[in-house]
$ cat work-v3.txt   # compact mmCIF, C-alpha atoms
# COMPACT_ATOMS: atom_id res chain seq x y z
CA MET A 24 -56.76 29.55 25.80
CA THR A 25 -59.88 31.62 26.00
CA ARG A 26 -62.85 29.35 26.46
CA THR A 27 -65.15 30.85 23.91
CA SER A 28 -68.57 29.33 24.32
CA LEU A 29 -69.71 26.83 21.73
CA ASP A 30 -73.26 26.97 23.10
CA HIS A 31 -74.62 28.91 20.16
CA HIS A 32 -73.40 26.39 17.59
CA ASN A 33 -76.17 24.50 15.83
CA CYS A 34 -74.18 21.29 16.07
CA SER A 35 -74.37 18.28 18.39
CA PHE A 36 -70.61 17.85 18.28
CA ALA A 37 -69.86 21.46 19.29
CA ARG A 38 -72.49 21.44 22.02
CA ALA A 39 -71.18 18.15 23.39
CA LEU A 40 -67.66 19.62 23.50
CA GLU A 41 -69.03 22.55 25.45
CA LEU A 42 -70.09 20.08 28.16
CA ILE A 43 -67.21 17.64 28.20
CA GLY A 44 -64.49 18.94 25.88
CA ASP A 45 -62.16 19.96 28.63
CA ARG A 46 -59.23 17.67 29.00
CA TRP A 47 -59.59 17.17 32.76
CA SER A 48 -63.31 16.55 32.45
CA LEU A 49 -62.58 13.84 29.91
CA MET A 50 -59.90 12.31 32.13
CA ILE A 51 -62.37 12.26 35.06
CA ILE A 52 -64.96 10.56 32.83
CA ARG A 53 -62.35 8.00 31.73
CA ASP A 54 -61.54 7.22 35.37
CA ALA A 55 -65.23 6.94 36.23
CA PHE A 56 -65.46 4.22 33.56
CA TYR A 57 -62.54 2.46 35.29
CA GLY A 58 -64.64 2.42 38.45
CA ILE A 59 -63.07 5.35 40.32
CA ARG A 60 -65.66 6.88 42.68
CA ARG A 61 -63.96 8.89 45.41
CA PHE A 62 -62.54 12.40 45.33
CA SER A 63 -59.22 11.25 46.82
CA ASP A 64 -58.86 8.50 44.21
CA PHE A 65 -59.53 10.88 41.31
CA LYS A 66 -57.05 13.32 42.80
CA GLN A 67 -54.32 10.73 43.17
CA ARG A 68 -54.87 9.29 39.68
CA LEU A 69 -54.93 12.62 37.87
CA GLY A 70 -52.36 14.50 39.92
CA ILE A 71 -54.34 17.73 39.78
CA THR A 72 -55.04 20.27 42.48
CA GLN A 73 -58.02 20.00 44.79
CA ALA A 74 -59.40 23.24 43.33
CA VAL A 75 -59.28 22.10 39.69
CA LEU A 76 -60.74 18.70 40.53
CA SER A 77 -63.55 20.26 42.61
CA SER A 78 -64.39 22.66 39.83
CA ARG A 79 -64.47 19.97 37.12
CA LEU A 80 -66.53 17.60 39.27
CA ALA A 81 -69.02 20.39 40.00
CA ASP A 82 -69.31 21.12 36.25
CA LEU A 83 -69.84 17.45 35.45
CA ILE A 84 -72.57 17.22 38.09
CA ALA A 85 -74.19 20.43 36.79
CA HIS A 86 -74.19 18.93 33.28
CA ASP A 87 -75.70 15.66 34.58
CA ILE A 88 -72.68 13.57 33.55
CA LEU A 89 -71.87 12.56 37.14
CA SER A 90 -74.01 12.37 40.24
CA LYS A 91 -72.80 12.60 43.82
CA GLY A 92 -74.14 10.56 46.68
CA PRO A 93 -73.25 8.44 49.70
CA SER A 94 -71.09 5.38 49.17
CA SER A 95 -72.98 2.18 48.40
CA HIS A 96 -70.67 0.41 50.85
CA GLY A 97 -71.86 2.53 53.75
CA SER A 98 -68.34 3.86 54.35
CA GLY A 99 -69.59 7.40 54.81
CA HIS A 100 -67.55 8.61 51.83
CA GLU A 101 -69.26 10.59 49.09
CA GLU A 102 -69.07 8.92 45.70
CA TYR A 103 -69.19 10.27 42.17
CA ARG A 104 -70.91 8.02 39.67
CA LEU A 105 -71.72 8.27 35.97
CA THR A 106 -75.34 9.09 35.27
CA ASP A 107 -77.18 7.48 32.32
CA ARG A 108 -76.11 10.48 30.26
CA GLY A 109 -72.50 10.06 31.33
CA ARG A 110 -72.51 6.31 30.81
CA ASP A 111 -73.73 6.87 27.25
CA LEU A 112 -70.31 8.42 26.47
CA PHE A 113 -69.02 4.83 26.52
CA PRO A 114 -68.35 4.54 22.74
CA VAL A 115 -66.65 7.96 22.71
CA VAL A 116 -64.24 6.99 25.48
CA ILE A 117 -63.52 3.52 24.12
CA SER A 118 -63.04 4.70 20.51
CA LEU A 119 -60.58 7.40 21.58
CA MET A 120 -58.69 4.86 23.69
CA GLN A 121 -58.54 2.46 20.73
CA TRP A 122 -57.27 5.27 18.48
CA GLY A 123 -54.44 5.90 20.95
CA ASP A 124 -53.70 2.17 21.07
CA ARG A 125 -53.31 2.12 17.29
CA TRP A 126 -51.56 5.42 16.63
CA ILE A 127 -49.61 6.22 19.79
CA HIS A 128 -48.88 2.89 21.46
CA GLY A 129 -48.70 0.94 18.21
CA GLN A 130 -45.08 -0.11 18.73
CA SER A 131 -44.94 -0.70 22.48
CA GLY A 132 -48.36 -2.34 22.60
CA PRO A 133 -51.27 -0.87 24.56
CA PRO A 134 -50.91 -0.21 28.30
CA ILE A 135 -54.37 -1.67 28.90
CA ILE A 136 -56.29 -4.29 26.95
CA VAL A 137 -60.05 -3.92 27.16
CA THR A 138 -61.77 -7.30 27.17
CA GLU A 139 -65.22 -8.75 27.59
CA LYS A 140 -65.36 -9.77 31.24
CA ASN A 141 -66.58 -13.34 30.86
CA SER A 142 -64.76 -14.47 27.73
CA HIS A 143 -61.61 -12.33 28.23
CA GLU A 144 -61.82 -11.71 24.48
CA PRO A 145 -60.52 -8.29 23.42
CA ILE A 146 -63.41 -6.07 22.38
CA ASP A 147 -63.99 -5.20 18.70
CA PRO A 148 -62.66 -2.00 17.16
CA VAL A 149 -65.45 0.59 17.37
CA ILE A 150 -66.75 1.34 13.88
CA VAL A 151 -69.25 3.55 12.12
CA SER A 152 -71.83 1.44 10.31
CA SER A 153 -75.16 1.45 8.52
CA ARG A 154 -77.35 -1.63 8.90
CA GLY A 155 -74.32 -3.37 10.32
CA LYS A 156 -72.03 -2.62 7.33
CA ALA A 157 -68.81 -0.72 8.15
CA LEU A 158 -68.60 2.76 6.61
CA SER A 159 -65.73 5.13 5.89
CA PRO A 160 -66.01 8.93 5.92
CA LYS A 161 -66.55 9.08 2.15
CA ASP A 162 -69.64 6.85 2.46
CA LEU A 163 -71.52 9.50 4.43
CA SER A 164 -73.95 12.18 3.51
CA TYR A 165 -75.05 14.97 5.84
CA GLU A 166 -78.69 15.97 5.66
CA PRO A 167 -80.59 18.66 7.52
CA GLY A 168 -82.46 17.44 10.59
CA ALA A 169 -85.48 18.82 12.45
CA GLY A 170 -83.21 21.01 14.57
CA ALA A 171 -81.30 22.59 11.68
CA SER A 172 -80.88 26.37 11.78
CA ALA A 173 -80.90 28.56 8.65
CA GLU A 174 -77.11 28.69 8.94
CA THR A 175 -76.85 24.90 9.02
CA LEU A 176 -79.15 24.60 6.01
CA ALA A 177 -77.01 27.10 4.08
CA PHE A 178 -73.82 25.26 5.08
CA LEU A 179 -75.15 21.89 3.94
CA GLN A 180 -76.35 23.31 0.64
CA LYS A 181 -73.04 25.02 -0.02
CA ARG A 182 -71.10 21.81 0.71
CA GLY A 183 -73.42 19.89 -1.59
CA HIS A 184 -74.23 17.40 1.15
CA SER A 185 -77.98 17.80 1.16
CA MET B 10 -56.63 26.51 32.40
CA THR B 11 -53.03 25.44 32.62
CA ARG B 12 -52.32 22.88 29.94
CA THR B 13 -50.48 20.37 32.07
CA SER B 14 -48.96 17.77 29.80
CA LEU B 15 -50.58 14.36 29.71
CA ASP B 16 -47.60 12.96 27.76
CA HIS B 17 -46.24 11.02 30.70
CA HIS B 18 -49.50 9.13 31.30
CA ASN B 19 -49.33 5.42 30.52
CA CYS B 20 -52.74 5.55 28.88
CA SER B 21 -53.88 5.68 25.26
CA PHE B 22 -56.83 7.90 26.16
CA ALA B 23 -54.70 10.50 27.96
CA ARG B 24 -52.05 10.51 25.23
CA ALA B 25 -54.72 10.89 22.56
CA LEU B 26 -56.18 13.86 24.45
CA GLU B 27 -52.74 15.42 24.51
CA LEU B 28 -52.81 15.43 20.70
CA ILE B 29 -56.41 16.34 19.97
CA GLY B 30 -58.11 17.16 23.26
CA ASP B 31 -58.29 20.86 22.62
CA ARG B 32 -61.73 22.07 21.77
CA TRP B 33 -60.68 24.02 18.68
CA SER B 34 -58.58 21.16 17.41
CA LEU B 35 -61.61 18.90 17.70
CA MET B 36 -63.82 21.45 15.94
CA ILE B 37 -61.27 21.67 13.09
CA ILE B 38 -61.23 17.87 12.84
CA ARG B 39 -65.04 17.83 12.75
CA ASP B 40 -65.05 20.35 9.90
CA ALA B 41 -62.39 18.38 8.02
CA PHE B 42 -64.81 15.40 8.12
CA TYR B 43 -67.48 17.69 6.64
CA GLY B 44 -65.12 18.32 3.74
CA ILE B 45 -63.75 21.74 4.74
CA ARG B 46 -60.25 22.17 3.28
CA ARG B 47 -59.31 25.84 3.11
CA PHE B 48 -58.02 28.16 5.80
CA SER B 49 -60.64 30.81 4.99
CA ASP B 50 -63.48 28.26 5.21
CA PHE B 51 -62.30 26.95 8.60
CA LYS B 52 -61.98 30.52 9.82
CA GLN B 53 -65.48 31.46 8.71
CA ARG B 54 -67.07 28.30 10.14
CA LEU B 55 -65.38 28.47 13.51
CA GLY B 56 -65.35 32.23 14.01
CA ILE B 57 -61.90 32.17 15.57
CA THR B 58 -58.96 34.46 15.05
CA GLN B 59 -56.36 33.89 12.35
CA ALA B 60 -53.72 33.39 15.07
CA VAL B 61 -55.62 30.69 16.96
CA LEU B 62 -56.57 28.86 13.77
CA SER B 63 -52.98 28.99 12.45
CA SER B 64 -51.66 27.65 15.72
CA ARG B 65 -54.16 24.78 15.91
CA LEU B 66 -53.64 23.82 12.25
CA ALA B 67 -49.84 23.80 12.78
CA ASP B 68 -50.29 21.54 15.83
CA LEU B 69 -52.56 19.17 13.92
CA ILE B 70 -50.02 18.98 11.07
CA ALA B 71 -47.17 18.40 13.58
CA HIS B 72 -49.20 15.56 15.12
CA ASP B 73 -49.89 14.07 11.66
CA ILE B 74 -53.66 14.51 11.95
CA LEU B 75 -53.84 16.92 9.00
CA SER B 76 -51.56 17.41 6.01
CA LYS B 77 -51.20 20.57 3.97
CA GLY B 78 -50.76 20.66 0.24
CA PRO B 79 -51.87 22.31 -2.99
CA SER B 80 -55.54 22.12 -3.94
CA SER B 81 -56.55 19.09 -5.96
CA HIS B 82 -58.59 21.43 -8.15
CA GLY B 83 -55.51 23.38 -9.24
CA SER B 84 -56.90 26.59 -7.79
CA GLY B 85 -53.57 27.52 -6.23
CA HIS B 86 -55.10 27.45 -2.73
CA GLU B 87 -53.43 25.43 -0.03
CA GLU B 88 -55.65 22.70 1.41
CA TYR B 89 -55.72 20.93 4.75
CA ARG B 90 -56.73 17.30 4.61
CA LEU B 91 -57.08 14.52 7.14
CA THR B 92 -54.21 12.04 7.10
CA ASP B 93 -54.87 8.30 7.63
CA ARG B 94 -54.25 8.91 11.31
CA GLY B 95 -56.73 11.78 11.35
CA ARG B 96 -59.34 9.90 9.33
CA ASP B 97 -59.16 7.08 11.86
CA LEU B 98 -60.77 9.43 14.41
CA PHE B 99 -64.00 8.83 12.48
CA PRO B 100 -65.78 6.76 15.20
CA VAL B 101 -64.74 9.24 17.89
CA VAL B 102 -66.24 12.18 16.00
CA ILE B 103 -69.42 10.36 14.99
CA SER B 104 -70.03 8.86 18.44
CA LEU B 105 -69.67 12.26 20.12
CA MET B 106 -72.03 13.80 17.56
CA GLN B 107 -74.58 11.04 18.20
CA TRP B 108 -74.29 11.58 21.95
CA GLY B 109 -75.11 15.26 21.43
CA ASP B 110 -78.04 14.28 19.19
CA ARG B 111 -79.46 12.11 21.99
CA TRP B 112 -78.70 14.19 25.06
CA ILE B 113 -78.61 17.80 23.90
CA HIS B 114 -80.81 17.99 20.82
CA GLY B 115 -83.16 15.22 21.92
CA GLN B 116 -86.21 17.49 21.97
CA SER B 117 -85.60 19.75 18.95
CA GLY B 118 -84.26 16.91 16.82
CA PRO B 119 -80.70 16.83 15.50
CA PRO B 120 -79.40 19.74 13.36
CA ILE B 121 -77.76 17.28 10.98
CA ILE B 122 -78.71 13.71 10.13
CA VAL B 123 -75.79 11.53 9.11
CA THR B 124 -76.80 9.03 6.44
CA GLU B 125 -75.21 6.43 4.21
CA LYS B 126 -74.71 8.24 0.92
CA ASN B 127 -76.33 5.75 -1.46
CA SER B 128 -79.26 4.51 0.60
CA HIS B 129 -79.90 7.74 2.53
CA GLU B 130 -80.46 5.47 5.56
CA PRO B 131 -79.42 7.04 8.87
CA ILE B 132 -76.25 5.41 10.17
CA ASP B 133 -76.38 3.04 13.15
CA PRO B 134 -75.66 4.23 16.69
CA VAL B 135 -71.97 3.62 17.35
CA ILE B 136 -71.59 0.85 19.94
CA VAL B 137 -68.93 -1.00 21.86
CA SER B 138 -69.03 -4.69 21.05
CA SER B 139 -67.25 -8.01 21.35
CA ARG B 140 -67.63 -10.47 18.47
CA GLY B 141 -70.46 -8.28 17.27
CA LYS B 142 -72.44 -8.38 20.54
CA ALA B 143 -73.19 -4.98 22.10
CA LEU B 144 -71.53 -4.38 25.47
CA SER B 145 -72.19 -2.00 28.33
CA PRO B 146 -69.48 -0.62 30.67
CA LYS B 147 -70.15 -3.31 33.27
CA ASP B 148 -69.36 -6.03 30.73
CA LEU B 149 -65.73 -4.93 30.46
CA SER B 150 -62.56 -6.01 32.11
CA TYR B 151 -59.29 -4.10 31.90
CA GLU B 152 -56.15 -6.19 31.61
CA PRO B 153 -52.52 -5.15 31.43
CA GLY B 154 -51.11 -4.92 27.89
CA ALA B 155 -47.54 -5.16 26.56
CA GLY B 156 -47.07 -1.40 27.12
CA ALA B 157 -48.24 -1.35 30.75
CA SER B 158 -46.01 0.52 33.19
CA ALA B 159 -45.48 -0.57 36.81
CA GLU B 160 -47.95 2.14 37.81
CA THR B 161 -50.61 0.81 35.41
CA LEU B 162 -50.08 -2.74 36.69
CA ALA B 163 -50.51 -1.55 40.28
CA PHE B 164 -53.62 0.42 39.35
CA LEU B 165 -55.25 -2.55 37.63
CA GLN B 166 -54.47 -4.86 40.53
CA LYS B 167 -55.84 -2.42 43.07
CA ARG B 168 -59.07 -2.00 41.07
CA GLY B 169 -59.42 -5.76 40.82
CA HIS B 170 -59.67 -5.57 37.05
CA SER B 171 -56.78 -7.84 36.16
$ encode --input "work-v3.txt" --output "structure tokens"
Amino acid sequence: MTRTSLDHHNCSFARALELIGDRWSLMIIRDAFYGIRRFSDFKQRLGITQAVLSSRLADLIAHDILSKGPSSHGSGHEEYRLTDRGRDLFPVVISLMQWGDRWIHGQSGPPIIVTEKNSHEPIDPVIVSSRGKALSPKDLSYEPGAGASAETLAFLQKRGHS
Amino acid sequence: MTRTSLDHHNCSFARALELIGDRWSLMIIRDAFYGIRRFSDFKQRLGITQAVLSSRLADLIAHDILSKGPSSHGSGHEEYRLTDRGRDLFPVVISLMQWGDRWIHGQSGPPIIVTEKNSHEPIDPVIVSSRGKALSPKDLSYEPGAGASAETLAFLQKRGHS
């Protein structure tokens, strides 16, 4: 597939995909949430070539999703860690995992159960809410923000959302 | 990029990416949440070729994310609508959009503000929680589920998560 740039889109979703919407990048981010830190561990987990992994890690560092530095255990290994910006993808990763649990592994049961560490209680399903009340897609309205382009304004008007 | 299959992975996240982790598929899903229904409207919004759009729509129908049927307005146009399975991607789409709002459009302000339709209140930030209490990545533990493969069990043991 040609990787047409989504950079010019006046949309947070499109721009976010431009940074992380590559399937290997997302798999690396998932593994970083599992606590994977070393190149060799990412490589073994993902089963991808050294070249592809190097390229994706470099992109993720360039986009400030991961940072690279010496091991905190003093082992001399370099480690890749989520930055604040990367760590803030937490609800994206967990909600996609939960969707797969429901719609792909519904019959077999999930491979992994995500729990709260101390209580061992399974975590809640991630929801969209307003003032704590769960919302469905039809409860939403889309309004122009400060960063809206003329094209976005026209789109929202046409769709009757604003 | 070679689209190596993630089908064999014993992981809800990887399997979900196999179904929707293509950037155009995700952009189509985003537009479906905005209420886009017609082929010509998707094509205009996304600026992609007829061939790429047709192929992605066919994939999304095959994966039961979208369904295709006659227009509810009796216009004779075919419409593409989110299925229950597709609509359940709601928190994934909204959380990725919110991430872009915070980390990409933080200075200009978001292009689009998502509000609750009746109150016009902005929606809450999507969070990961347990019994309603917000969690961060370090609060989680990963435990083997009913669908765990031998490989997943070994991985969780090695990481000390189970």
$ interface_residues --input "work-v3.txt" --of "chain A" --to "chain B" --cutoff "7 Å" --atoms "all atoms listed in the file" --output "CSV table (one decimal) with C-alpha atoms, keeping the file's coordinate frame"
chain,number,residue,atom,x,y,z
A,33,ASN,CA,-76.2,24.5,15.8
A,34,CYS,CA,-74.2,21.3,16.1
A,35,SER,CA,-74.4,18.3,18.4
A,36,PHE,CA,-70.6,17.8,18.3
A,37,ALA,CA,-69.9,21.5,19.3
A,38,ARG,CA,-72.5,21.4,22.0
A,39,ALA,CA,-71.2,18.2,23.4
A,40,LEU,CA,-67.7,19.6,23.5
A,44,GLY,CA,-64.5,18.9,25.9
A,46,ARG,CA,-59.2,17.7,29.0
A,50,MET,CA,-59.9,12.3,32.1
A,56,PHE,CA,-65.5,4.2,33.6
A,108,ARG,CA,-76.1,10.5,30.3
A,112,LEU,CA,-70.3,8.4,26.5
A,113,PHE,CA,-69.0,4.8,26.5
A,114,PRO,CA,-68.4,4.5,22.7
A,115,VAL,CA,-66.6,8.0,22.7
A,118,SER,CA,-63.0,4.7,20.5
A,119,LEU,CA,-60.6,7.4,21.6
A,120,MET,CA,-58.7,4.9,23.7
A,122,TRP,CA,-57.3,5.3,18.5
A,123,GLY,CA,-54.4,5.9,21.0
A,124,ASP,CA,-53.7,2.2,21.1
A,126,TRP,CA,-51.6,5.4,16.6
A,127,ILE,CA,-49.6,6.2,19.8
A,128,HIS,CA,-48.9,2.9,21.5
A,131,SER,CA,-44.9,-0.7,22.5
A,132,GLY,CA,-48.4,-2.3,22.6
A,133,PRO,CA,-51.3,-0.9,24.6
A,134,PRO,CA,-50.9,-0.2,28.3
A,135,ILE,CA,-54.4,-1.7,28.9
A,136,ILE,CA,-56.3,-4.3,27.0
A,137,VAL,CA,-60.0,-3.9,27.2
A,138,THR,CA,-61.8,-7.3,27.2
A,139,GLU,CA,-65.2,-8.8,27.6
A,140,LYS,CA,-65.4,-9.8,31.2
A,146,ILE,CA,-63.4,-6.1,22.4
A,147,ASP,CA,-64.0,-5.2,18.7
A,149,VAL,CA,-65.4,0.6,17.4
A,150,ILE,CA,-66.8,1.3,13.9
A,151,VAL,CA,-69.2,3.6,12.1
A,152,SER,CA,-71.8,1.4,10.3
A,153,SER,CA,-75.2,1.4,8.5
A,154,ARG,CA,-77.4,-1.6,8.9
A,160,PRO,CA,-66.0,8.9,5.9
A,162,ASP,CA,-69.6,6.8,2.5
A,163,LEU,CA,-71.5,9.5,4.4
A,164,SER,CA,-74.0,12.2,3.5
A,165,TYR,CA,-75.0,15.0,5.8
A,166,GLU,CA,-78.7,16.0,5.7
A,167,PRO,CA,-80.6,18.7,7.5
A,168,GLY,CA,-82.5,17.4,10.6
A,169,ALA,CA,-85.5,18.8,12.4
A,170,GLY,CA,-83.2,21.0,14.6
A,171,ALA,CA,-81.3,22.6,11.7
A,172,SER,CA,-80.9,26.4,11.8
$ residues_around --input "work-v3.txt" --residues "Gln53 of chain B" --least-positions-apart "4" --cutoff "12 Å" --atoms "only C-alpha atoms" --output "PyMOL selection string"
(chain A and resi 174+178) or (chain B and resi 37+40+45-49+57-59+62)
$ atom_distance --input "work-v3.txt" --atom1 "atom CA of Ser48 of chain A" --atom2 "atom CA of Ser90 of chain A"
13.9 Å
$ atom_distance --input "work-v3.txt" --atom1 "atom CA of Thr92 of chain B" --atom2 "atom CA of Asp73 of chain B"
6.6 Å
$ residues_near_point --input "work-v3.txt" --point "(-52.2, 26.5, 0.9)" --cutoff "7 Å" --atoms "all atoms listed in the file" --output "ChimeraX atom specification"
/B:77-79,86-88
$ atom_distance --input "work-v3.txt" --atom1 "atom CA of Ile38 of chain B" --atom2 "atom CA of His82 of chain B"
21.5 Å
